[in-house]
$ cat target31.tsv   # TSV, C-alpha atoms
chain	number	residue	atom	x	y	z
A	18	MET	CA	25.50	81.96	14.20
A	19	ILE	CA	22.80	79.99	15.92
A	20	LYS	CA	21.24	79.13	12.56
A	21	LYS	CA	24.58	77.89	11.25
A	22	GLU	CA	25.16	75.72	14.34
A	23	TYR	CA	21.64	74.31	13.97
A	24	PHE	CA	22.28	73.22	10.40
A	25	LEU	CA	25.66	71.75	11.36
A	26	PHE	CA	23.96	69.79	14.15
A	27	LEU	CA	21.20	68.61	11.79
A	28	PHE	CA	23.78	67.58	9.19
A	29	SER	CA	25.76	65.58	11.77
A	30	LEU	CA	22.56	63.80	12.85
A	31	LEU	CA	21.76	62.87	9.26
A	32	CYS	CA	25.28	61.52	8.83
A	33	LEU	CA	24.92	59.53	12.01
A	34	PHE	CA	21.64	57.93	10.92
A	35	SER	CA	23.07	57.30	7.48
A	36	SER	CA	26.13	55.56	8.92
A	37	CYS	CA	23.86	53.45	11.20
A	38	GLY	CA	21.90	52.35	8.15
A	39	GLU	CA	25.10	51.43	6.35
A	40	LYS	CA	26.12	49.22	9.27
A	41	ALA	CA	23.06	47.00	8.81
A	42	ALA	CA	24.24	43.88	6.99
A	43	TYR	CA	20.63	42.80	6.38
A	44	ARG	CA	17.41	44.78	6.37
A	45	ILE	CA	14.03	43.04	6.19
A	46	GLU	CA	10.66	44.76	6.21
A	47	GLY	CA	7.36	42.95	6.56
A	48	LYS	CA	3.74	43.89	5.88
A	49	LEU	CA	1.55	40.82	6.47
A	50	THR	CA	-2.20	40.59	6.76
A	51	ASN	CA	-3.81	38.28	9.35
A	52	LEU	CA	-0.67	38.33	11.49
A	53	GLU	CA	-1.94	38.20	15.06
A	54	ASP	CA	1.45	37.92	16.80
A	55	GLU	CA	3.05	40.97	18.33
A	56	THR	CA	6.37	39.12	18.71
A	57	LEU	CA	8.08	37.11	15.98
A	58	TYR	CA	11.17	34.90	16.27
A	59	ALA	CA	14.02	35.39	13.82
A	60	VAL	CA	16.67	32.71	13.34
A	61	PHE	CA	19.71	33.73	11.27
A	62	GLU	CA	21.79	30.76	10.14
A	63	SER	CA	24.96	29.76	8.33
A	64	PRO	CA	27.02	26.55	8.62
A	65	GLU	CA	29.29	28.24	11.15
A	66	LYS	CA	26.82	30.05	13.38
A	67	LYS	CA	23.23	30.68	14.40
A	68	LEU	CA	21.65	33.76	15.92
A	69	VAL	CA	18.17	33.84	17.46
A	70	ASP	CA	16.35	37.11	18.05
A	71	THR	CA	12.86	38.42	18.74
A	72	VAL	CA	11.11	40.94	16.53
A	73	GLN	CA	8.39	43.29	17.77
A	74	CYS	CA	5.70	44.45	15.37
A	75	LYS	CA	5.38	48.25	15.15
A	76	LYS	CA	1.74	47.91	14.07
A	77	PRO	CA	-0.33	44.76	13.43
A	78	GLY	CA	1.46	42.84	10.71
A	79	MET	CA	4.24	45.41	10.28
A	80	PHE	CA	7.83	44.88	11.39
A	81	GLU	CA	11.43	45.68	10.53
A	82	ILE	CA	14.54	43.58	11.14
A	83	LEU	CA	18.01	45.12	11.08
A	84	GLN	CA	20.89	42.70	11.51
A	85	THR	CA	24.36	44.21	11.81
A	86	GLU	CA	26.29	40.94	11.98
A	87	PRO	CA	27.21	39.68	8.48
A	88	GLY	CA	27.92	36.18	7.21
A	89	PHE	CA	24.46	34.59	7.38
A	90	GLN	CA	22.82	32.70	4.55
A	91	THR	CA	19.21	32.35	5.65
A	92	LEU	CA	16.70	33.90	7.99
A	93	THR	CA	13.77	31.81	9.20
A	94	LEU	CA	10.93	33.86	10.64
A	95	PHE	CA	8.58	32.00	13.00
A	96	TYR	CA	5.10	33.20	13.91
A	97	HIS	CA	1.61	31.95	14.88
A	98	LYS	CA	3.04	30.45	18.09
A	99	LYS	CA	5.98	29.10	16.08
A	100	GLN	CA	3.64	26.88	14.04
A	101	SER	CA	4.24	28.84	10.81
A	102	TRP	CA	7.46	30.10	9.30
A	103	ILE	CA	9.03	31.74	6.27
A	104	THR	CA	12.56	31.14	5.00
A	105	ILE	CA	14.35	34.15	3.56
A	106	TYR	CA	17.57	33.86	1.56
A	107	LEU	CA	19.99	36.62	2.46
A	108	GLU	CA	22.35	38.67	0.35
A	109	PRO	CA	24.65	41.34	1.87
A	110	LYS	CA	23.22	44.87	1.71
A	111	ALA	CA	19.99	43.66	0.09
A	112	ASN	CA	16.79	45.32	1.25
A	113	ILE	CA	14.26	42.51	1.53
A	114	SER	CA	10.49	42.92	1.80
A	115	LEU	CA	7.77	40.49	2.81
A	116	SER	CA	4.11	40.86	1.91
A	117	GLY	CA	1.06	38.62	1.82
A	118	ASP	CA	-1.36	36.69	4.00
A	119	ALA	CA	0.17	35.17	7.15
A	120	PHE	CA	-2.33	32.29	6.94
A	121	TYR	CA	-0.60	31.15	3.72
A	122	PRO	CA	3.18	31.11	4.38
A	123	GLN	CA	3.89	29.48	1.03
A	124	LEU	CA	2.26	32.40	-0.77
A	125	ILE	CA	4.06	35.19	1.05
A	126	GLN	CA	6.05	37.22	-1.46
A	127	VAL	CA	9.70	37.69	-0.54
A	128	LYS	CA	11.49	40.25	-2.68
A	129	GLY	CA	14.96	41.73	-2.56
A	130	SER	CA	17.48	39.13	-3.71
A	131	ARG	CA	17.86	36.97	-6.79
A	132	ILE	CA	16.92	33.73	-5.00
A	133	ASN	CA	13.93	35.24	-3.21
A	134	ASP	CA	12.68	36.85	-6.41
A	135	LYS	CA	12.94	33.61	-8.40
A	136	LEU	CA	11.18	31.55	-5.72
A	137	THR	CA	8.42	34.14	-5.36
A	138	ASP	CA	7.85	34.22	-9.12
A	139	PHE	CA	7.61	30.43	-9.18
A	140	LYS	CA	5.12	30.39	-6.30
A	141	LYS	CA	2.97	32.96	-8.06
A	142	GLY	CA	2.62	30.56	-10.96
A	143	ILE	CA	1.25	27.78	-8.75
A	144	ALA	CA	-0.56	30.02	-6.24
A	145	ALA	CA	-3.91	28.25	-6.69
A	146	LEU	CA	-2.35	24.86	-5.90
A	147	LEU	CA	-0.48	26.20	-2.86
A	148	ARG	CA	-3.64	27.83	-1.50
A	149	GLU	CA	-5.60	24.60	-1.97
A	150	GLN	CA	-2.78	22.65	-0.28
A	151	VAL	CA	-3.00	24.80	2.87
A	152	THR	CA	-6.80	24.54	2.96
A	153	LEU	CA	-6.70	20.73	2.66
A	154	GLU	CA	-3.90	20.42	5.23
A	155	ASN	CA	-6.02	22.35	7.72
A	156	GLN	CA	-8.96	20.04	7.06
A	157	VAL	CA	-6.86	16.93	7.55
A	158	ASP	CA	-5.24	18.31	10.72
A	159	LYS	CA	-8.67	18.69	12.30
A	160	ALA	CA	-9.19	14.93	12.11
A	161	ASP	CA	-8.41	13.95	15.71
A	162	ASP	CA	-10.38	10.71	16.10
A	163	ASP	CA	-11.35	7.69	13.99
A	164	ALA	CA	-14.73	9.09	13.01
A	165	ALA	CA	-13.19	12.37	11.92
A	166	ILE	CA	-10.43	10.56	10.05
A	167	LYS	CA	-13.03	8.65	8.03
A	168	GLY	CA	-14.85	11.88	7.37
A	169	GLU	CA	-11.66	13.53	6.14
A	170	SER	CA	-10.56	10.67	3.89
A	171	ASP	CA	-11.78	12.60	0.86
A	172	ALA	CA	-9.72	15.64	1.90
A	173	LEU	CA	-6.67	13.42	2.43
A	174	GLY	CA	-7.02	11.96	-1.05
A	175	LYS	CA	-7.35	15.44	-2.54
A	176	LEU	CA	-4.29	16.59	-0.59
A	177	ARG	CA	-2.18	13.75	-2.00
A	178	ASN	CA	-3.30	14.71	-5.49
A	179	VAL	CA	-2.49	18.39	-4.95
A	180	ASN	CA	0.94	17.50	-3.50
A	181	TYR	CA	1.64	15.39	-6.58
A	182	MET	CA	0.66	18.24	-8.92
A	183	ILE	CA	2.88	20.68	-7.02
A	184	GLU	CA	5.83	18.29	-7.25
A	185	GLU	CA	5.23	17.97	-10.99
A	186	GLN	CA	5.42	21.75	-11.33
A	187	VAL	CA	8.59	21.86	-9.23
A	188	TYR	CA	10.15	19.10	-11.31
A	189	ALA	CA	9.38	20.98	-14.54
A	190	TYR	CA	10.83	24.24	-13.16
A	191	ILE	CA	14.10	22.57	-12.15
A	192	LYS	CA	14.46	20.95	-15.55
A	193	LYS	CA	13.86	24.30	-17.24
A	194	ASN	CA	16.12	26.34	-14.92
A	195	PRO	CA	19.23	24.24	-14.18
A	196	LYS	CA	21.43	27.31	-13.63
A	197	GLU	CA	19.30	28.86	-10.87
A	198	GLU	CA	20.09	28.57	-7.17
A	199	ALA	CA	16.33	28.53	-6.68
A	200	SER	CA	16.21	25.14	-8.41
A	201	ALA	CA	18.59	23.67	-5.83
A	202	ILE	CA	16.41	25.07	-3.04
A	203	LEU	CA	13.30	23.52	-4.61
A	204	ILE	CA	15.09	20.15	-4.75
A	205	ARG	CA	15.78	20.47	-1.02
A	206	ASN	CA	12.23	21.56	-0.22
A	207	TYR	CA	10.42	18.87	-2.22
A	208	PHE	CA	12.75	15.97	-3.05
A	209	ALA	CA	15.33	15.72	-0.24
A	210	ASP	CA	14.58	12.23	1.07
A	211	ALA	CA	16.99	10.84	3.66
A	212	ASP	CA	15.70	7.31	2.99
A	213	ASP	CA	15.41	7.25	-0.79
A	214	PRO	CA	17.72	9.71	-2.59
A	215	ARG	CA	16.96	8.56	-6.15
A	216	LYS	CA	14.75	11.47	-7.19
A	217	MET	CA	17.06	13.94	-5.47
A	218	ASP	CA	20.09	12.48	-7.26
A	219	GLU	CA	18.30	12.60	-10.60
A	220	LEU	CA	17.59	16.31	-10.22
A	221	LEU	CA	21.02	17.16	-8.81
A	222	ALA	CA	22.47	15.70	-12.00
A	223	VAL	CA	20.37	18.20	-13.98
A	224	LEU	CA	21.87	21.26	-12.27
A	225	ASP	CA	24.63	23.26	-13.91
A	226	PRO	CA	28.07	22.23	-12.55
A	227	LYS	CA	28.67	25.90	-11.68
A	228	LEU	CA	26.25	25.38	-8.78
A	229	ASN	CA	28.42	22.69	-7.19
A	230	ASP	CA	29.88	25.26	-4.77
A	231	PHE	CA	26.44	26.56	-3.78
A	232	TYR	CA	25.93	25.60	-0.13
A	233	VAL	CA	22.51	24.03	-0.75
A	234	VAL	CA	23.93	21.74	-3.43
A	235	GLU	CA	26.80	20.77	-1.12
A	236	ASP	CA	24.30	19.92	1.65
A	237	LEU	CA	22.16	17.84	-0.72
A	238	LYS	CA	25.14	15.85	-1.93
A	239	GLN	CA	26.17	15.12	1.65
A	240	LEU	CA	22.62	14.01	2.40
A	241	SER	CA	22.68	11.72	-0.64
A	242	GLU	CA	26.00	10.16	0.37
A	243	LYS	CA	24.63	9.55	3.85
A	244	ALA	CA	21.42	8.05	2.50
A	245	GLN	CA	23.32	5.72	0.17
A	246	ARG	CA	24.83	3.95	3.21
A	247	THR	CA	21.51	2.43	4.20
A	248	VAL	CA	19.46	2.06	1.03
A	249	VAL	CA	18.05	-1.39	0.35
A	250	GLY	CA	20.80	-3.43	-1.31
A	251	ALA	CA	23.68	-1.70	0.48
A	252	ILE	CA	26.03	-3.53	2.83
A	253	ALA	CA	24.95	-2.71	6.38
A	254	PRO	CA	27.39	-0.31	8.09
A	255	GLU	CA	29.71	-1.93	10.61
A	256	PHE	CA	29.20	-1.06	14.26
A	257	LYS	CA	30.65	-1.70	17.70
A	258	ILE	CA	28.34	-0.98	20.63
A	259	LYS	CA	27.54	-2.20	24.15
A	260	ASP	CA	24.18	-3.64	25.17
A	261	ILE	CA	22.56	-2.84	28.53
A	262	GLU	CA	24.49	-5.73	30.14
A	263	GLY	CA	27.84	-4.34	28.98
A	264	ASN	CA	28.37	-6.94	26.24
A	265	VAL	CA	30.13	-5.69	23.11
A	266	LEU	CA	28.12	-6.23	19.93
A	267	THR	CA	29.33	-5.94	16.36
A	268	ARG	CA	27.90	-7.00	13.03
A	269	ASP	CA	29.93	-10.23	13.37
A	270	SER	CA	28.04	-11.02	16.60
A	271	PHE	CA	25.14	-11.99	14.35
A	272	ALA	CA	27.08	-13.84	11.66
A	273	ASN	CA	25.32	-16.51	9.59
A	274	ARG	CA	21.89	-15.34	10.74
A	275	PHE	CA	19.38	-12.76	9.64
A	276	LEU	CA	19.37	-9.68	11.86
A	277	LEU	CA	16.28	-7.62	12.53
A	278	MET	CA	17.36	-4.24	13.91
A	279	ALA	CA	14.60	-2.07	15.41
A	280	PHE	CA	15.05	1.60	16.37
A	281	THR	CA	12.46	2.68	18.96
A	282	ALA	CA	11.74	5.04	21.87
A	283	PRO	CA	9.53	4.79	24.99
A	284	TRP	CA	7.64	7.96	24.09
A	285	CYS	CA	6.76	6.63	20.62
A	286	ASP	CA	3.31	5.00	20.79
A	287	ILE	CA	3.64	3.19	17.47
A	288	CYS	CA	7.07	1.83	18.45
A	289	GLN	CA	5.63	-0.85	20.77
A	290	SER	CA	6.63	-4.41	19.88
A	291	GLU	CA	3.05	-5.49	19.25
A	292	GLU	CA	2.49	-2.56	16.89
A	293	ILE	CA	5.22	-3.74	14.52
A	294	LEU	CA	4.52	-7.47	15.05
A	295	LEU	CA	7.89	-8.16	16.67
A	296	ASN	CA	6.40	-10.53	19.28
A	297	GLU	CA	4.83	-12.64	16.56
A	298	ILE	CA	8.02	-12.64	14.50
A	299	SER	CA	10.16	-13.58	17.51
A	300	LYS	CA	8.00	-16.57	18.36
A	301	LYS	CA	8.07	-17.89	14.82
A	302	TYR	CA	11.81	-17.77	14.12
A	303	THR	CA	14.42	-19.40	16.33
A	304	GLY	CA	17.76	-17.88	17.28
A	305	ASP	CA	19.70	-19.91	14.72
A	306	LYS	CA	17.75	-18.20	11.92
A	307	LEU	CA	17.03	-14.69	13.20
A	308	ASP	CA	18.54	-12.37	15.79
A	309	LEU	CA	16.81	-9.30	17.19
A	310	LEU	CA	18.59	-6.08	18.10
A	311	MET	CA	16.64	-3.19	19.60
A	312	ILE	CA	18.19	0.26	19.76
A	313	ILE	CA	16.10	2.30	22.15
A	314	LEU	CA	16.44	6.06	22.51
A	315	GLU	CA	16.41	6.01	26.32
A	316	GLU	CA	19.29	7.11	28.58
A	317	ASP	CA	17.99	5.27	31.66
A	318	ILE	CA	18.85	1.56	31.47
A	319	GLU	CA	16.03	0.62	33.84
A	320	GLY	CA	13.64	2.63	31.71
A	321	ALA	CA	14.84	0.72	28.66
A	322	LYS	CA	14.30	-2.59	30.46
A	323	ASN	CA	10.81	-1.54	31.50
A	324	PHE	CA	10.01	-0.72	27.90
A	325	VAL	CA	10.41	-4.37	26.88
A	326	LYS	CA	9.87	-6.24	30.15
A	327	ARG	CA	6.35	-7.29	29.16
A	328	ASP	CA	7.66	-8.74	25.89
A	329	SER	CA	8.79	-12.31	25.49
A	330	LEU	CA	11.34	-11.30	22.88
A	331	ARG	CA	14.95	-12.44	22.74
A	332	TRP	CA	16.16	-8.86	22.60
A	333	ASN	CA	19.72	-7.71	22.37
A	334	LEU	CA	18.92	-4.33	23.90
A	335	VAL	CA	20.99	-1.16	23.42
A	336	ALA	CA	20.08	2.00	25.35
A	337	ASP	CA	21.48	5.51	25.13
A	338	ASN	CA	23.16	5.79	28.54
A	339	GLU	CA	26.54	6.23	26.84
A	340	GLY	CA	25.26	7.68	23.59
A	341	GLU	CA	25.20	4.23	21.96
A	342	ALA	CA	21.66	4.60	20.54
A	343	THR	CA	22.37	8.10	19.26
A	344	SER	CA	25.50	6.95	17.44
A	345	MET	CA	23.58	4.07	15.83
A	346	ILE	CA	20.78	6.41	14.73
A	347	GLU	CA	23.39	8.61	13.08
A	348	LEU	CA	25.22	5.65	11.52
A	349	TYR	CA	22.05	4.14	10.08
A	350	ASN	CA	20.60	7.48	9.02
A	351	VAL	CA	17.38	7.01	10.98
A	352	SER	CA	15.07	9.97	10.33
A	353	ALA	CA	11.86	8.65	11.92
A	354	LEU	CA	10.77	6.19	14.59
A	355	PRO	CA	10.09	3.34	14.52
A	356	ARG	CA	12.53	2.20	11.88
A	357	CYS	CA	13.46	-1.43	11.24
A	358	PHE	CA	16.26	-2.90	9.13
A	359	LEU	CA	16.35	-6.51	8.02
A	360	ILE	CA	19.92	-7.60	7.23
A	361	ASP	CA	20.64	-10.92	5.53
A	362	ARG	CA	23.43	-13.43	6.13
A	363	GLU	CA	25.64	-11.61	3.61
A	364	ARG	CA	25.28	-8.38	5.63
A	365	LYS	CA	23.11	-6.79	2.97
A	366	ILE	CA	20.13	-4.60	3.87
A	367	VAL	CA	17.12	-6.34	2.33
A	368	LEU	CA	14.36	-4.29	3.94
A	369	LYS	CA	13.96	-0.86	5.58
A	370	THR	CA	10.52	-0.17	7.00
A	371	GLU	CA	8.34	0.75	9.97
A	372	ASN	CA	5.66	-1.72	8.92
A	373	GLY	CA	5.56	-5.02	10.82
A	374	LEU	CA	3.53	-6.71	8.11
A	375	GLU	CA	6.26	-5.95	5.56
A	376	ILE	CA	8.85	-7.48	7.88
A	377	LYS	CA	6.75	-10.59	8.36
A	378	GLN	CA	6.17	-11.04	4.63
A	379	LYS	CA	9.85	-10.50	3.81
A	380	LEU	CA	10.98	-13.06	6.39
A	381	GLU	CA	8.48	-15.59	5.06
A	382	ALA	CA	9.87	-15.09	1.58
A	383	LEU	CA	13.53	-15.31	2.65
A	384	ILE	CA	13.45	-17.97	5.39
A	385	ASP	CA	10.30	-20.05	4.99
$ encode --input "target31.tsv" --output "structure tokens"
Amino acid sequence: MIKKEYFLFLFSLLCLFSSCGEKAAYRIEGKLTNLEDETLYAVFESPEKKLVDTVQCKKPGMFEILQTEPGFQTLTLFYHKKQSWITIYLEPKANISLSGDAFYPQLIQVKGSRINDKLTDFKKGIAALLREQVTLENQVDKADDDAAIKGESDALGKLRNVNYMIEEQVYAYIKKNPKEEASAILIRNYFADADDPRKMDELLAVLDPKLNDFYVVEDLKQLSEKAQRTVVGAIAPEFKIKDIEGNVLTRDSFANRFLLMAFTAPWCDICQSEEILLNEISKKYTGDKLDLLMIILEEDIEGAKNFVKRDSLRWNLVADNEGEATSMIELYNVSALPRCFLIDRERKIVLKTENGLEIKQKLEALID
């Protein structure tokens, strides 16, 4: 009788563990060499939700992630003090495994779903280039002063060449595999440019129309539409904002004059007026030819004033005390600071740059 009860108890335990396993929507196992972290950070994401969790390694480099909540599309795993990460594409009930050298995130093999398998196979084919890319990036990152930068110029040139060769391989893969979701992901990883969507649009046109409902393709098309608003040659988006004095400014406030719009921030060292030659430009062109509008990512109005108080510029200054700067950054699709737009008298964007010399040369060509 006791023996029978023992087996019944054992059977019920097995059923319990089996049912627990079935409840896991996603299971990810990792075996990574050179992984020094004991704790990893897992970010599950979908358009509707995000879940952040910590993962403890059982042994050095070994971990398991069980996620019971369904409906996620990707998992990003952060490690090495959050300086390195791996993106994993999720499929319900798929058992996913990670293996490889933690020092080379791009070369980590992710297996267990169609997208992961395709991307891993592609990376295997260009493994030598990816390994060289990481090595060169580490060399360039160590350049922390002018002398070191000069010493690393050779490494920087080699890195540009390796990046170009990798992009050529990616381009060829996408052309050859237009029906694969992995191709859309490679477009996002290598050609998604918020400022110049031409290459991205070219490759999106190559993809099979059946991928139009794939969430990555939808995101890329939205990014392209957003980028098209502020490409050179487009009509500058209309706006209505208040400057730090409470005056309402619109595009018509600068009618019949060129408008130089500069997006900056106090914490951005290269955003200073002298760095992008705005003082020199302001002195050369009078108000009847050129207006200056600075959008500064600073909530404190006094802080914004202090940022430009040493300048002799005729600034129309917009701060972010009421979210004005943030809304303009979104409207003009600003992805990096500083960013300057030169808009002509017909409201057309004729230049988008962070280079003061380019602004100066363009104004000389248009006004002088």
$ atom_distance --input "target31.tsv" --atom1 "CA of Pro87 (chain A)" --atom2 "CA of Ile132 (chain A)"
18.0 Å
$ residues_around --input "target31.tsv" --residues "region 124-129 of chain A" --least-positions-apart "6" --cutoff "12 Å" --atoms "only C-alpha atoms" --output "ChimeraX atom specification"
/A:43-52,92,94,101-118,135-151
$ closest_residue --input "target31.tsv" --among "A:Ala244, A:Ile384, A:Val335, A:Ile202" --to "Glu262 (chain A)" --atoms "all atoms listed in the file"
A:Val335
$ residues_around --input "target31.tsv" --residues "Thr247 (chain A)" --least-positions-apart "3" --cutoff "8 Å" --atoms "all atoms listed in the file" --output "CSV table (one decimal) with C-alpha atoms, in the coordinates of the input"
chain,number,residue,atom,x,y,z
A,212,ASP,CA,15.7,7.3,3.0
A,243,LYS,CA,24.6,9.6,3.8
A,244,ALA,CA,21.4,8.0,2.5
A,251,ALA,CA,23.7,-1.7,0.5
A,252,ILE,CA,26.0,-3.5,2.8
A,253,ALA,CA,25.0,-2.7,6.4
A,254,PRO,CA,27.4,-0.3,8.1
A,349,TYR,CA,22.0,4.1,10.1
A,350,ASN,CA,20.6,7.5,9.0
A,366,ILE,CA,20.1,-4.6,3.9
$ residues_around --input "target31.tsv" --residues "Asp225 (chain A)" --least-positions-apart "3" --cutoff "8 Å" --atoms "only C-alpha atoms" --output "list in words"
Pro195, Lys196, Leu228 and Asn229 of chain A
$ write_last_selection --input "target31.tsv" --atoms "C-alpha atoms" --output "short mmCIF file (atom, residue, chain, number, x, y, z; two decimals), keeping the file's coordinate frame"
data_model
loop_
_atom_site.label_atom_id
_atom_site.label_comp_id
_atom_site.auth_asym_id
_atom_site.auth_seq_id
_atom_site.Cartn_x
_atom_site.Cartn_y
_atom_site.Cartn_z
CA PRO A 195 19.23 24.24 -14.18
CA LYS A 196 21.43 27.31 -13.63
CA LEU A 228 26.25 25.38 -8.78
CA ASN A 229 28.42 22.69 -7.19
#
$ closest_residue --input "target31.tsv" --among "A:Glu292, A:Glu339, A:Asp260, A:Glu86" --to "Lys67 (chain A)" --atoms "only C-alpha atoms"
A:Glu86
$ closest_residue --input "target31.tsv" --among "A:Leu57, A:Val248, A:Ile82, A:Leu368" --to "Leu276 (chain A)" --atoms "only C-alpha atoms"
A:Leu368
$ closest_residue --input "target31.tsv" --among "A:Leu153, A:Leu348, A:Ala41, A:Leu334" --to "Glu255 (chain A)" --atoms "all atoms listed in the file"
A:Leu348
$ closest_residue --input "target31.tsv" --among "A:Asp337, A:Asp158, A:Glu53, A:Glu291" --to "Tyr96 (chain A)" --atoms "all atoms listed in the file"
A:Glu53
$ residues_near_point --input "target31.tsv" --point "(21.6, 26.4, -6.9)" --cutoff "7 Å" --atoms "only C-alpha atoms" --output "list in words"
Lys196, Glu197, Glu198, Ala199, Ser200, Ala201, Ile202, Leu228, Phe231, Val233 and Val234 of chain A
$ build_atoms --input "target31.tsv" --residues "region 345-362 of chain A" --atoms "N, CA and C atoms" --output "mmCIF file, in the coordinates of the input"
data_model
loop_
_atom_site.group_PDB
_atom_site.id
_atom_site.type_symbol
_atom_site.label_atom_id
_atom_site.label_comp_id
_atom_site.auth_asym_id
_atom_site.auth_seq_id
_atom_site.Cartn_x
_atom_site.Cartn_y
_atom_site.Cartn_z
ATOM 1 N N MET A 345 24.157 5.018 16.796
ATOM 2 C CA MET A 345 23.580 4.070 15.830
ATOM 3 C C MET A 345 22.543 4.756 14.942
ATOM 4 N N ILE A 346 21.759 5.661 15.517
ATOM 5 C CA ILE A 346 20.780 6.410 14.730
ATOM 6 C C ILE A 346 21.482 7.238 13.669
ATOM 7 N N GLU A 347 22.612 7.834 14.041
ATOM 8 C CA GLU A 347 23.390 8.610 13.080
ATOM 9 C C GLU A 347 23.995 7.693 12.016
ATOM 10 N N LEU A 348 24.569 6.567 12.446
ATOM 11 C CA LEU A 348 25.220 5.650 11.520
ATOM 12 C C LEU A 348 24.249 5.085 10.502
ATOM 13 N N TYR A 349 23.050 4.747 10.966
ATOM 14 C CA TYR A 349 22.050 4.140 10.080
ATOM 15 C C TYR A 349 21.055 5.153 9.513
ATOM 16 N N ASN A 350 21.367 6.432 9.695
ATOM 17 C CA ASN A 350 20.600 7.480 9.020
ATOM 18 C C ASN A 350 19.112 7.368 9.320
ATOM 19 N N VAL A 351 18.777 7.179 10.583
ATOM 20 C CA VAL A 351 17.380 7.010 10.980
ATOM 21 C C VAL A 351 16.738 8.389 11.132
ATOM 22 N N SER A 352 15.717 8.656 10.329
ATOM 23 C CA SER A 352 15.070 9.970 10.330
ATOM 24 C C SER A 352 13.703 9.952 10.973
ATOM 25 N N ALA A 353 13.180 8.761 11.299
ATOM 26 C CA ALA A 353 11.860 8.650 11.920
ATOM 27 C C ALA A 353 11.793 7.359 12.717
ATOM 28 N N LEU A 354 10.967 7.374 13.757
ATOM 29 C CA LEU A 354 10.770 6.190 14.590
ATOM 30 C C LEU A 354 9.319 5.725 14.480
ATOM 31 N N PRO A 355 9.079 4.403 14.504
ATOM 32 C CA PRO A 355 10.090 3.340 14.520
ATOM 33 C C PRO A 355 10.730 3.185 13.149
ATOM 34 N N ARG A 356 11.864 2.539 13.128
ATOM 35 C CA ARG A 356 12.530 2.200 11.880
ATOM 36 C C ARG A 356 13.204 0.853 12.057
ATOM 37 N N CYS A 357 12.915 -0.068 11.153
ATOM 38 C CA CYS A 357 13.460 -1.430 11.240
ATOM 39 C C CYS A 357 14.286 -1.744 10.001
ATOM 40 N N PHE A 358 15.404 -2.425 10.212
ATOM 41 C CA PHE A 358 16.260 -2.900 9.130
ATOM 42 C C PHE A 358 16.332 -4.420 9.214
ATOM 43 N N LEU A 359 16.127 -5.069 8.103
ATOM 44 C CA LEU A 359 16.350 -6.510 8.020
ATOM 45 C C LEU A 359 17.622 -6.728 7.208
ATOM 46 N N ILE A 360 18.601 -7.395 7.839
ATOM 47 C CA ILE A 360 19.920 -7.600 7.230
ATOM 48 C C ILE A 360 20.116 -9.101 7.030
ATOM 49 N N ASP A 361 20.521 -9.486 5.822
ATOM 50 C CA ASP A 361 20.640 -10.920 5.530
ATOM 51 C C ASP A 361 21.988 -11.471 5.970
ATOM 52 N N ARG A 362 22.211 -12.751 5.668
ATOM 53 C CA ARG A 362 23.430 -13.430 6.130
ATOM 54 C C ARG A 362 24.686 -12.884 5.458
#
